[in-house]
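Colleague: First the structure, then my questions, so here it is.
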Protein chains: 2
Amino acid sequence: MSIENLKAEIARQFGTPAVVIDLDVVERNIARLQALCDAAGVANRPHIKTHKSPVIAAMQRDAGARGITCQKLGEAEVMAEAGLDDILISYNLLGEHKIGRLGALLSKAKVTVAADNPTVVEGLPRAAEIAGRDLDVVVECDTGRKRAGVATVAQAVALAKDIASRPGLSFAGFMLYPPESAMAETQAFLNEATAGVREAGLQPRIVSSGGTPNLNNLGRIDGVTEHRAGTYVFNDRMMLAAGVAGLSDCALTVYATVVSRAEADRGILDSGSKTLTSDTGGLDGHGLIVEHPQAKIARFAEEHGFLDLSACNDRPKVGDIVRVIPNHVCVVVNMVDRLVTVQGGEIVGELPVAARGRLV
Amino acid sequence: MSIENLKAEIARQFGTPAVVIDLDVVERNIARLQALCDAAGVANRPHIKTHKSPVIAAMQRDAGARGITCQKLGEAEVMAEAGLDDILISYNLLGEHKIGRLGALLSKAKVTVAADNPTVVEGLPRAAEIAGRDLDVVVECDTGRKRAGVATVAQAVALAKDIASRPGLSFAGFMLYPPESAMAETQAFLNEATAGVREAGLQPRIVSSGGTPNLNNLGRIDGVTEHRAGTYVFNDRMMLAAGVAGLSDCALTVYATVVSRAEADRGILDSGSKTLTSDTGGLDGHGLIVEHPQAKIARFAEEHGFLDLSACNDRPKVGDIVRVIPNHVCVVVNMVDRLVTVQGGEIVGELPVAARGRLV
């Protein structure tokens, strides 16, 4: 059906705001990433944090992904329950509660975890003991993002040795998440860390890099064996700004209604921070309105998107339905229990966001 | 139990991050607001957007609230289903989907809706027709916030007449949400609008004002009949900054674990924008760490809170559990399906956030 009819039909069936994905674009994005990884000679381990759906994870696997990446234990549990295997949990896990759940998960699926400090490593053998099976551990290395990750090569090598010395743990390699601007620094860090662990008789089997913006750098770091990209599956305004996606690559849009136009230069959209979230991604304004690219979503209340229409010639009226490409798509998906799915310009149904809200 | 034991026990039972409310503080906050409203001679119509829980809404009602306020139709449906009655939906509702649901809701509960434009008013009679019962409508007036609400007295009066002329609709009065600094402007607007509708033979039965920061202004606007406060039930760092709450009035804290300390001046908390959200509320930093008030949650990734510890003498180590008072509590509640409840220093259980994620 026409886009105007589709908008009216989605509003009629689901009400707005509705978070909608175009499965044709999703399939194209999945195929493109797989082709990029194949061409670069690195394995594809997509990050499910973007879609939080075992159905889409299975599409990624069936297209050639080696495994998946999860940020949280609870996400990994949902994926394993649905039959996904070979799961990297890219996060420091510690404490009795999580170690117990990690042990249970490991008894059902192949799991690798990341660690960046000895306290975390010290707790992991208990998970292997519960599972009765070795646990692969990668050392998370920080090469400029100043997030998690050991800060020095010496710490990376020491932690690798620590892992290898523990019962039930296997040193599996390194995990990187380099800023796009730090390729040379990352290569130097990886070279030295690899030499260091080899000196100790250890071999990095996995060197995992990540990030959708880093798809431009795929294959540029020697020694990387796999790539973790998440956002590429839907894309968003940040990816448009980063130059790794065009408008036709954006699979997810929020269908929203203009509910107020109290003055000529402003209006209110029925999507605020509870829908689009306050994650700016470093951009000015919150989201791109496809029908009114000159309109600015200037700020938010929870249920109000404040429209600045001063730069618009064609201004929306109360009742108009518009599509918004959010600044940061991953966090928008986490706000809803179901995504409305569209294919071939028709409504297909709804897809549960099965791993939504898994904080632990 | 001691706070250290409570922290350990919550982490053991639920893992972190855990969103925890202290029911003793909740009860105290509910009683205090009711007393303030009683003393000011205005009815109490608390906004449920903060807790999204029919259980807490019933506590508010049983303490003396006249009714409740919801921002979304879906929230009102959850509340009505649980037996709450006299519900103000403080939002422009339009479109076939919402009008149909509004009609069904109106047939089960006393409902008032807000409107700020003729397009919205035009759609509302159909809801009354479905319900077979009149629908009360208040005119939303903007007195400085530049959000929704008619911008002028003339528009307010015209819309009141429009409402009164429609079959099935009853003009019920005005809804305000004045900025704390605009009491005089709000009074002037209300006086003129009231005179205007009286001239047309209409009477505002309800004049609803709102906002927890405006509790300082309770009773200061002549003619106001009721107040909508939401955040007061839990409070947050914004309310601390606004001077309407102290630390002991903050009922909700996020129990989080320090998972990384790669360098002396920084660390990572296992709570990022997926837990605490990127809503800053105009404050510097994201949340107050009770145990380390000098620590700054400088920025977020989805699952990472970036700690700047440079101003701390006593710095947390990996594995430490800390309590965070979020900048904006309402949006944090919306991230979880259940709140952990504590009373008398003991874990009581979990409270479902039954109206979480109701976007429509």
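Ordering of the structure tokens sets the chain letters (A, B, ...), residue numbers begin anew at 1 in every chain, and ligands are numbered from 1 in the order given.
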Mind doing a quick least-squares superposition of chain A onto chain B, all C-alpha atoms paired one-to-one in order, and writing it out as a CSV table (one decimal) with C-alpha atoms, in the first residue's frame?
Modeller:
```csv
chain,number,residue,atom,x,y,z
A,1,MET,CA,19.1,-5.6,58.8
A,2,SER,CA,22.1,-3.2,58.4
A,3,ILE,CA,22.3,-1.3,55.2
A,4,GLU,CA,25.5,-3.3,54.2
A,5,ASN,CA,23.6,-6.6,54.7
A,6,LEU,CA,20.6,-5.2,52.8
A,7,LYS,CA,22.8,-4.3,49.9
A,8,ALA,CA,24.4,-7.7,49.9
A,9,GLU,CA,21.1,-9.5,50.2
A,10,ILE,CA,19.5,-7.5,47.3
A,11,ALA,CA,22.4,-8.2,45.1
A,12,ARG,CA,22.3,-11.9,46.0
A,13,GLN,CA,18.6,-12.2,45.4
A,14,PHE,CA,18.0,-10.0,42.4
A,15,GLY,CA,21.5,-9.1,41.0
A,16,THR,CA,22.4,-5.5,40.1
A,17,PRO,CA,21.3,-3.1,38.9
A,18,ALA,CA,18.2,-3.4,41.0
A,19,VAL,CA,15.6,-0.6,41.3
A,20,VAL,CA,14.5,-0.5,45.0
A,21,ILE,CA,11.9,1.5,46.8
A,22,ASP,CA,11.6,2.0,50.5
A,23,LEU,CA,7.9,1.7,51.4
A,24,ASP,CA,8.3,3.6,54.6
A,25,VAL,CA,9.5,6.6,52.7
A,26,VAL,CA,6.7,6.2,50.1
A,27,GLU,CA,4.0,6.2,52.8
A,28,ARG,CA,5.5,9.3,54.4
A,29,ASN,CA,5.7,11.1,51.1
A,30,ILE,CA,2.1,10.2,50.3
A,31,ALA,CA,0.9,11.4,53.8
A,32,ARG,CA,2.9,14.6,53.5
A,33,LEU,CA,1.4,15.6,50.1
A,34,GLN,CA,-2.1,14.8,51.3
A,35,ALA,CA,-1.6,17.0,54.3
A,36,LEU,CA,-0.2,19.8,52.1
A,37,CYS,CA,-3.2,19.7,49.8
A,38,ASP,CA,-5.6,19.5,52.7
A,39,ALA,CA,-4.0,22.6,54.3
A,40,ALA,CA,-4.1,24.5,51.1
A,41,GLY,CA,-7.7,23.5,50.5
A,42,VAL,CA,-7.1,21.9,47.1
A,43,ALA,CA,-8.0,18.3,46.1
A,44,ASN,CA,-5.1,15.9,45.5
A,45,ARG,CA,-5.0,14.2,42.1
A,46,PRO,CA,-1.5,12.5,42.0
A,47,HIS,CA,0.1,11.8,38.7
A,48,ILE,CA,0.8,8.1,38.4
A,49,LYS,CA,3.4,8.5,35.7
A,50,THR,CA,6.0,8.3,38.4
A,51,HIS,CA,5.1,4.9,39.9
A,52,LYS,CA,2.9,3.4,37.1
A,53,SER,CA,1.6,1.0,39.8
A,54,PRO,CA,-2.1,0.5,40.8
A,55,VAL,CA,-1.0,-0.6,44.2
A,56,ILE,CA,0.7,2.7,44.9
A,57,ALA,CA,-2.2,4.6,43.3
A,58,ALA,CA,-4.5,2.8,45.7
A,59,MET,CA,-2.3,3.9,48.6
A,60,GLN,CA,-2.6,7.5,47.4
A,61,ARG,CA,-6.4,7.2,47.1
A,62,ASP,CA,-6.7,5.6,50.5
A,63,ALA,CA,-4.7,8.4,52.0
A,64,GLY,CA,-7.3,10.9,50.6
A,65,ALA,CA,-6.6,11.6,46.9
A,66,ARG,CA,-9.7,12.5,45.0
A,67,GLY,CA,-8.6,10.8,41.8
A,68,ILE,CA,-5.5,10.2,39.7
A,69,THR,CA,-3.8,11.7,36.7
A,70,CYS,CA,-2.5,9.6,33.8
A,71,GLN,CA,-0.5,10.8,30.9
A,72,LYS,CA,-1.5,8.0,28.5
A,73,LEU,CA,-4.6,6.1,27.7
A,74,GLY,CA,-2.8,2.8,28.2
A,75,GLU,CA,-1.9,3.9,31.8
A,76,ALA,CA,-5.5,4.8,32.5
A,77,GLU,CA,-6.7,1.4,31.3
A,78,VAL,CA,-4.3,-0.3,33.7
A,79,MET,CA,-5.5,1.8,36.6
A,80,ALA,CA,-9.2,1.4,35.8
A,81,GLU,CA,-8.8,-2.3,35.4
A,82,ALA,CA,-7.4,-2.4,39.0
A,83,GLY,CA,-10.4,-0.4,40.3
A,84,LEU,CA,-9.1,3.1,40.3
A,85,ASP,CA,-11.7,5.7,39.4
A,86,ASP,CA,-11.9,9.4,38.6
A,87,ILE,CA,-9.1,9.5,36.1
A,88,LEU,CA,-7.8,12.6,34.4
A,89,ILE,CA,-5.9,11.9,31.2
A,90,SER,CA,-3.8,15.0,30.9
A,91,TYR,CA,-3.1,14.7,27.1
A,92,ASN,CA,-4.6,15.4,23.7
A,93,LEU,CA,-6.1,12.2,22.5
A,94,LEU,CA,-7.0,11.8,18.8
A,95,GLY,CA,-7.3,9.3,16.0
A,96,GLU,CA,-9.7,6.3,15.6
A,97,HIS,CA,-7.6,3.9,17.6
A,98,LYS,CA,-7.4,6.1,20.7
A,99,ILE,CA,-11.0,7.4,20.5
A,100,GLY,CA,-12.2,3.8,20.4
A,101,ARG,CA,-10.2,2.8,23.5
A,102,LEU,CA,-11.2,6.0,25.2
A,103,GLY,CA,-14.9,5.2,24.6
A,104,ALA,CA,-14.4,1.7,26.1
A,105,LEU,CA,-12.6,3.2,29.1
A,106,LEU,CA,-15.3,5.8,29.7
A,107,SER,CA,-18.0,3.1,29.8
A,108,LYS,CA,-16.1,1.6,32.8
A,109,ALA,CA,-14.7,4.6,34.8
A,110,LYS,CA,-15.2,8.3,35.3
A,111,VAL,CA,-12.7,9.9,32.9
A,112,THR,CA,-11.8,13.5,32.2
A,113,VAL,CA,-9.5,14.4,29.2
A,114,ALA,CA,-7.5,17.5,28.3
A,115,ALA,CA,-7.6,19.2,24.9
A,116,ASP,CA,-5.8,22.2,23.5
A,117,ASN,CA,-7.1,22.4,20.0
A,118,PRO,CA,-10.3,22.1,17.9
A,119,THR,CA,-9.0,19.0,16.0
A,120,VAL,CA,-8.8,17.1,19.3
A,121,VAL,CA,-12.2,18.4,20.5
A,122,GLU,CA,-13.8,17.4,17.2
A,123,GLY,CA,-12.9,13.8,17.7
A,124,LEU,CA,-14.0,13.4,21.3
A,125,PRO,CA,-17.8,13.1,20.9
A,126,ARG,CA,-17.3,9.7,19.3
A,127,ALA,CA,-15.8,8.4,22.6
A,128,ALA,CA,-18.9,9.7,24.5
A,129,GLU,CA,-21.1,8.0,21.9
A,130,ILE,CA,-19.4,4.7,22.3
A,131,ALA,CA,-19.6,4.9,26.1
A,132,GLY,CA,-23.2,6.2,26.1
A,133,ARG,CA,-22.1,8.7,28.7
A,134,ASP,CA,-20.9,12.3,28.7
A,135,LEU,CA,-17.1,13.0,28.7
A,136,ASP,CA,-15.7,15.8,30.8
A,137,VAL,CA,-13.1,17.9,28.9
A,138,VAL,CA,-10.7,20.5,30.4
A,139,VAL,CA,-8.9,23.1,28.3
A,140,GLU,CA,-5.2,22.8,28.7
A,141,CYS,CA,-3.6,26.2,29.1
A,142,ASP,CA,0.0,27.1,28.6
A,143,THR,CA,1.2,29.8,31.0
A,144,GLY,CA,4.9,29.8,30.1
A,145,ARG,CA,6.1,26.3,29.6
A,146,LYS,CA,5.7,26.4,25.8
A,147,ARG,CA,4.6,22.7,25.8
A,148,ALA,CA,1.0,21.7,25.0
A,149,GLY,CA,-1.8,24.1,26.0
A,150,VAL,CA,-3.5,27.0,24.3
A,151,ALA,CA,-1.2,30.0,24.1
A,152,THR,CA,-3.9,32.8,24.6
A,153,VAL,CA,-6.9,33.5,26.8
A,154,ALA,CA,-9.0,34.0,23.6
A,155,GLN,CA,-8.1,30.5,22.4
A,156,ALA,CA,-9.0,29.1,25.8
A,157,VAL,CA,-12.4,30.7,25.8
A,158,ALA,CA,-13.1,29.7,22.2
A,159,LEU,CA,-12.1,26.1,22.9
A,160,ALA,CA,-14.3,26.0,26.1
A,161,LYS,CA,-17.3,27.1,24.0
A,162,ASP,CA,-16.4,24.6,21.3
A,163,ILE,CA,-16.4,21.8,23.9
A,164,ALA,CA,-19.7,22.9,25.4
A,165,SER,CA,-21.3,23.0,21.9
A,166,ARG,CA,-20.5,19.4,21.1
A,167,PRO,CA,-22.9,16.5,21.8
A,168,GLY,CA,-21.7,14.3,24.6
A,169,LEU,CA,-19.0,16.7,25.8
A,170,SER,CA,-19.0,18.7,29.0
A,171,PHE,CA,-16.7,21.7,29.5
A,172,ALA,CA,-15.2,20.8,32.9
A,173,GLY,CA,-12.7,23.6,33.4
A,174,PHE,CA,-9.0,24.3,32.9
A,175,MET,CA,-5.7,22.4,33.2
A,176,LEU,CA,-2.5,24.3,34.0
A,177,TYR,CA,1.1,23.3,34.4
A,178,PRO,CA,2.7,26.5,35.3
A,179,PRO,CA,6.5,27.0,35.6
A,180,GLU,CA,7.4,27.7,39.2
A,181,SER,CA,8.4,31.2,38.3
A,182,ALA,CA,5.1,32.2,36.6
A,183,MET,CA,2.6,32.4,39.4
A,184,ALA,CA,1.5,36.0,38.6
A,185,GLU,CA,1.2,35.3,34.8
A,186,THR,CA,-0.8,32.1,35.5
A,187,GLN,CA,-3.1,33.9,37.9
A,188,ALA,CA,-3.8,36.6,35.3
A,189,PHE,CA,-4.4,34.0,32.6
A,190,LEU,CA,-6.8,32.0,34.8
A,191,ASN,CA,-8.7,35.1,35.9
A,192,GLU,CA,-9.3,36.3,32.3
A,193,ALA,CA,-10.1,32.8,31.0
A,194,THR,CA,-12.6,32.3,33.9
A,195,ALA,CA,-14.3,35.6,33.2
A,196,GLY,CA,-14.4,34.8,29.5
A,197,VAL,CA,-16.1,31.4,29.9
A,198,ARG,CA,-18.5,32.8,32.6
A,199,GLU,CA,-19.6,35.5,30.1
A,200,ALA,CA,-20.5,32.6,27.8
A,201,GLY,CA,-22.6,31.0,30.6
A,202,LEU,CA,-20.0,28.3,31.4
A,203,GLN,CA,-18.5,27.5,34.7
A,204,PRO,CA,-15.1,25.9,35.4
A,205,ARG,CA,-15.8,23.1,37.9
A,206,ILE,CA,-12.1,22.0,37.8
A,207,VAL,CA,-9.0,24.1,37.7
A,208,SER,CA,-6.1,21.6,37.9
A,209,SER,CA,-2.6,22.7,38.5
A,210,GLY,CA,0.5,20.5,38.7
A,211,GLY,CA,4.1,19.6,39.4
A,212,THR,CA,6.1,18.5,42.5
A,213,PRO,CA,8.3,21.6,42.4
A,214,ASN,CA,5.0,23.6,42.5
A,215,LEU,CA,4.2,22.2,46.0
A,216,ASN,CA,6.0,25.3,47.2
A,217,ASN,CA,3.2,27.3,45.4
A,218,LEU,CA,0.3,25.2,46.6
A,219,GLY,CA,-2.7,27.4,47.3
A,220,ARG,CA,-1.1,30.5,45.8
A,221,ILE,CA,-3.2,30.6,42.6
A,222,ASP,CA,-6.8,31.7,43.4
A,223,GLY,CA,-9.3,29.4,41.8
A,224,VAL,CA,-7.2,26.3,41.6
A,225,THR,CA,-9.3,23.3,42.8
A,226,GLU,CA,-6.9,20.4,42.6
A,227,HIS,CA,-3.2,19.6,42.2
A,228,ARG,CA,-1.4,17.0,40.2
A,229,ALA,CA,2.0,16.0,41.7
A,230,GLY,CA,3.8,12.9,40.5
A,231,THR,CA,7.5,12.8,41.5
A,232,TYR,CA,6.9,13.6,45.2
A,233,VAL,CA,6.0,9.9,45.8
A,234,PHE,CA,9.7,8.8,45.2
A,235,ASN,CA,11.6,12.1,44.7
A,236,ASP,CA,14.9,12.3,42.9
A,237,ARG,CA,18.0,14.4,42.4
A,238,MET,CA,16.0,17.0,40.5
A,239,MET,CA,13.7,17.4,43.5
A,240,LEU,CA,16.8,17.7,45.8
A,241,ALA,CA,18.1,20.4,43.5
A,242,ALA,CA,14.7,22.2,43.5
A,243,GLY,CA,14.6,22.2,47.3
A,244,VAL,CA,11.4,20.3,47.6
A,245,ALA,CA,12.9,17.1,49.0
A,246,GLY,CA,15.8,16.0,51.2
A,247,LEU,CA,17.9,12.8,51.1
A,248,SER,CA,15.6,11.1,53.5
A,249,ASP,CA,12.6,11.8,51.2
A,250,CYS,CA,14.1,9.9,48.3
A,251,ALA,CA,12.3,6.6,48.3
A,252,LEU,CA,13.9,5.1,45.2
A,253,THR,CA,17.5,4.1,44.7
A,254,VAL,CA,19.2,2.0,42.1
A,255,TYR,CA,21.5,-0.6,43.7
A,256,ALA,CA,24.5,-0.8,41.3
A,257,THR,CA,27.8,-2.6,41.3
A,258,VAL,CA,31.2,-1.1,40.4
A,259,VAL,CA,32.5,-3.5,37.7
A,260,SER,CA,35.7,-1.9,36.5
A,261,ARG,CA,38.4,0.4,37.9
A,262,ALA,CA,40.9,0.5,35.1
A,263,GLU,CA,42.5,3.7,36.4
A,264,ALA,CA,42.8,5.5,39.7
A,265,ASP,CA,40.5,8.4,38.7
A,266,ARG,CA,37.8,6.4,36.9
A,267,GLY,CA,35.5,3.4,37.1
A,268,ILE,CA,32.5,1.8,35.6
A,269,LEU,CA,29.1,1.2,37.2
A,270,ASP,CA,26.8,-1.6,35.9
A,271,SER,CA,24.1,1.0,35.4
A,272,GLY,CA,24.0,3.0,32.2
A,273,SER,CA,21.4,4.8,30.1
A,274,LYS,CA,19.3,1.6,29.9
A,275,THR,CA,18.8,1.8,33.7
A,276,LEU,CA,19.3,5.4,34.8
A,277,THR,CA,18.3,6.9,31.4
A,278,SER,CA,19.9,9.9,29.7
A,279,ASP,CA,17.4,12.4,31.2
A,280,THR,CA,19.6,14.9,32.9
A,281,GLY,CA,16.9,17.1,34.2
A,282,GLY,CA,19.2,20.0,33.5
A,283,LEU,CA,21.7,18.8,36.1
A,284,ASP,CA,25.4,18.2,35.8
A,285,GLY,CA,26.2,14.4,36.1
A,286,HIS,CA,23.7,11.5,36.2
A,287,GLY,CA,22.6,10.6,39.6
A,288,LEU,CA,23.9,11.0,43.2
A,289,ILE,CA,25.9,8.0,44.6
A,290,VAL,CA,24.8,7.9,48.3
A,291,GLU,CA,28.0,6.3,49.5
A,292,HIS,CA,30.3,8.5,47.4
A,293,PRO,CA,28.7,11.9,46.9
A,294,GLN,CA,31.9,13.3,45.4
A,295,ALA,CA,31.9,10.7,42.7
A,296,LYS,CA,30.4,12.0,39.4
A,297,ILE,CA,28.5,9.8,37.0
A,298,ALA,CA,29.9,11.7,34.1
A,299,ARG,CA,28.3,10.0,31.1
A,300,PHE,CA,26.7,6.8,30.0
A,301,ALA,CA,26.8,4.0,27.5
A,302,GLU,CA,23.7,1.8,27.6
A,303,GLU,CA,25.1,-0.6,30.2
A,304,HIS,CA,28.0,1.5,31.5
A,305,GLY,CA,28.0,4.4,34.0
A,306,PHE,CA,31.3,6.3,33.6
A,307,LEU,CA,32.5,7.2,37.0
A,308,ASP,CA,34.8,10.3,37.5
A,309,LEU,CA,36.4,9.7,40.9
A,310,SER,CA,38.9,12.5,40.7
A,311,ALA,CA,37.2,14.4,43.5
A,312,CYS,CA,36.8,11.4,45.8
A,313,ASN,CA,39.0,10.7,48.8
A,314,ASP,CA,37.3,7.3,49.5
A,315,ARG,CA,37.0,5.5,46.2
A,316,PRO,CA,34.9,2.4,45.5
A,317,LYS,CA,36.6,-0.8,44.5
A,318,VAL,CA,35.4,-3.5,42.0
A,319,GLY,CA,32.6,-5.4,43.5
A,320,ASP,CA,31.3,-2.6,45.8
A,321,ILE,CA,27.6,-2.1,45.7
A,322,VAL,CA,26.4,1.5,45.8
A,323,ARG,CA,23.0,3.2,45.8
A,324,VAL,CA,22.2,5.8,43.2
A,325,ILE,CA,19.5,8.5,43.4
A,326,PRO,CA,18.7,9.1,39.8
A,327,ASN,CA,18.3,12.6,38.3
A,328,HIS,CA,14.8,11.8,37.1
A,329,VAL,CA,13.0,9.0,38.9
A,330,CYS,CA,9.9,8.7,36.7
A,331,VAL,CA,11.8,7.5,33.6
A,332,VAL,CA,13.9,5.0,35.7
A,333,VAL,CA,10.7,3.3,36.9
A,334,ASN,CA,9.7,2.9,33.3
A,335,MET,CA,12.8,0.9,32.5
A,336,VAL,CA,11.8,-2.0,34.8
A,337,ASP,CA,9.0,-4.5,35.1
A,338,ARG,CA,9.3,-4.8,38.9
A,339,LEU,CA,10.5,-2.6,41.7
A,340,VAL,CA,12.2,-4.3,44.7
A,341,THR,CA,10.4,-3.2,47.9
A,342,VAL,CA,12.0,-2.7,51.2
A,343,GLN,CA,10.2,-1.8,54.5
A,344,GLY,CA,11.7,-1.5,58.0
A,345,GLY,CA,15.1,-2.2,56.5
A,346,GLU,CA,14.0,-5.6,55.2
A,347,ILE,CA,13.2,-6.9,51.7
A,348,VAL,CA,9.5,-7.2,51.4
A,349,GLY,CA,9.2,-8.4,47.8
A,350,GLU,CA,8.6,-7.1,44.3
A,351,LEU,CA,6.0,-4.6,43.0
A,352,PRO,CA,5.0,-4.9,39.3
A,353,VAL,CA,5.3,-1.7,37.3
A,354,ALA,CA,2.0,-2.6,35.7
A,355,ALA,CA,1.7,0.4,33.4
A,356,ARG,CA,5.3,0.4,32.3
A,357,GLY,CA,5.9,1.1,28.7
A,358,ARG,CA,2.4,2.2,27.8
A,359,LEU,CA,3.3,4.4,24.9
A,360,VAL,CA,-0.2,4.7,23.5
```
Colleague: Apply DSSP to the backbone of this structure and, from stretch 52-275 of chain B, keep only the residues in helix (DSSP H, G or I); write these as a VMD selection string.
Modeller: chain B and resid 54 to 62 73 to 81 96 to 106 118 to 123 125 to 131 153 to 165 183 to 199 213 to 217 231 to 233 237 to 242 247 to 249
Colleague: Would you mind exporting C-alpha atoms of the selected residues as a tab-separated table (two decimals), in the first residue's frame?
Modeller:
```tsv
chain	number	residue	atom	x	y	z
B	54	PRO	CA	-2.12	0.52	40.75
B	55	VAL	CA	-0.96	-0.62	44.20
B	56	ILE	CA	0.67	2.73	44.93
B	57	ALA	CA	-2.22	4.59	43.29
B	58	ALA	CA	-4.55	2.81	45.74
B	59	MET	CA	-2.30	3.89	48.64
B	60	GLN	CA	-2.64	7.48	47.39
B	61	ARG	CA	-6.42	7.16	47.08
B	62	ASP	CA	-6.76	5.56	50.51
B	73	LEU	CA	-4.66	6.13	27.72
B	74	GLY	CA	-2.82	2.83	28.25
B	75	GLU	CA	-1.89	3.89	31.78
B	76	ALA	CA	-5.49	4.84	32.52
B	77	GLU	CA	-6.68	1.45	31.26
B	78	VAL	CA	-4.33	-0.36	33.67
B	79	MET	CA	-5.49	1.80	36.57
B	80	ALA	CA	-9.21	1.43	35.77
B	81	GLU	CA	-8.79	-2.33	35.41
B	96	GLU	CA	-9.69	6.35	15.56
B	97	HIS	CA	-7.61	3.89	17.62
B	98	LYS	CA	-7.41	6.06	20.72
B	99	ILE	CA	-10.95	7.37	20.52
B	100	GLY	CA	-12.22	3.79	20.39
B	101	ARG	CA	-10.24	2.82	23.46
B	102	LEU	CA	-11.23	6.03	25.24
B	103	GLY	CA	-14.88	5.19	24.65
B	104	ALA	CA	-14.43	1.71	26.09
B	105	LEU	CA	-12.61	3.15	29.11
B	106	LEU	CA	-15.29	5.81	29.68
B	118	PRO	CA	-10.27	22.07	17.89
B	119	THR	CA	-9.05	19.00	15.99
B	120	VAL	CA	-8.83	17.07	19.24
B	121	VAL	CA	-12.21	18.38	20.45
B	122	GLU	CA	-13.82	17.38	17.16
B	123	GLY	CA	-12.84	13.73	17.69
B	125	PRO	CA	-17.80	13.10	20.88
B	126	ARG	CA	-17.35	9.69	19.30
B	127	ALA	CA	-15.86	8.41	22.59
B	128	ALA	CA	-18.87	9.68	24.50
B	129	GLU	CA	-21.13	8.05	21.92
B	130	ILE	CA	-19.37	4.67	22.32
B	131	ALA	CA	-19.62	4.92	26.11
B	153	VAL	CA	-6.92	33.46	26.77
B	154	ALA	CA	-8.99	33.99	23.60
B	155	GLN	CA	-8.12	30.47	22.42
B	156	ALA	CA	-8.96	29.04	25.84
B	157	VAL	CA	-12.40	30.66	25.84
B	158	ALA	CA	-13.11	29.69	22.22
B	159	LEU	CA	-12.15	26.08	22.92
B	160	ALA	CA	-14.32	25.97	26.05
B	161	LYS	CA	-17.29	27.12	23.96
B	162	ASP	CA	-16.45	24.60	21.26
B	163	ILE	CA	-16.41	21.79	23.86
B	164	ALA	CA	-19.69	22.93	25.37
B	165	SER	CA	-21.35	22.98	21.94
B	183	MET	CA	2.61	32.37	39.35
B	184	ALA	CA	1.51	35.93	38.57
B	185	GLU	CA	1.20	35.26	34.84
B	186	THR	CA	-0.76	32.08	35.54
B	187	GLN	CA	-3.15	33.89	37.90
B	188	ALA	CA	-3.77	36.60	35.31
B	189	PHE	CA	-4.40	34.01	32.55
B	190	LEU	CA	-6.77	32.03	34.76
B	191	ASN	CA	-8.70	35.13	35.90
B	192	GLU	CA	-9.27	36.29	32.34
B	193	ALA	CA	-10.11	32.84	31.01
B	194	THR	CA	-12.57	32.26	33.86
B	195	ALA	CA	-14.25	35.62	33.22
B	196	GLY	CA	-14.39	34.78	29.52
B	197	VAL	CA	-16.13	31.45	29.92
B	198	ARG	CA	-18.52	32.83	32.56
B	199	GLU	CA	-19.56	35.47	30.09
B	213	PRO	CA	8.29	21.61	42.44
B	214	ASN	CA	5.04	23.62	42.55
B	215	LEU	CA	4.20	22.15	45.96
B	216	ASN	CA	5.96	25.27	47.22
B	217	ASN	CA	3.23	27.27	45.44
B	231	THR	CA	7.51	12.83	41.47
B	232	TYR	CA	6.93	13.56	45.19
B	233	VAL	CA	6.02	9.91	45.79
B	237	ARG	CA	18.03	14.40	42.36
B	238	MET	CA	16.00	17.04	40.49
B	239	MET	CA	13.70	17.44	43.51
B	240	LEU	CA	16.76	17.69	45.78
B	241	ALA	CA	18.06	20.44	43.51
B	242	ALA	CA	14.65	22.16	43.49
B	247	LEU	CA	17.87	12.84	51.06
B	248	SER	CA	15.59	11.06	53.54
B	249	ASP	CA	12.60	11.79	51.25
```
Colleague: DSSP says strand (DSSP E) for which residues of stretch 68-193 of chain A? Put them as a ChimeraX atom specification?
Modeller: /A:68-70,87-89,111-115,135-141,169-176
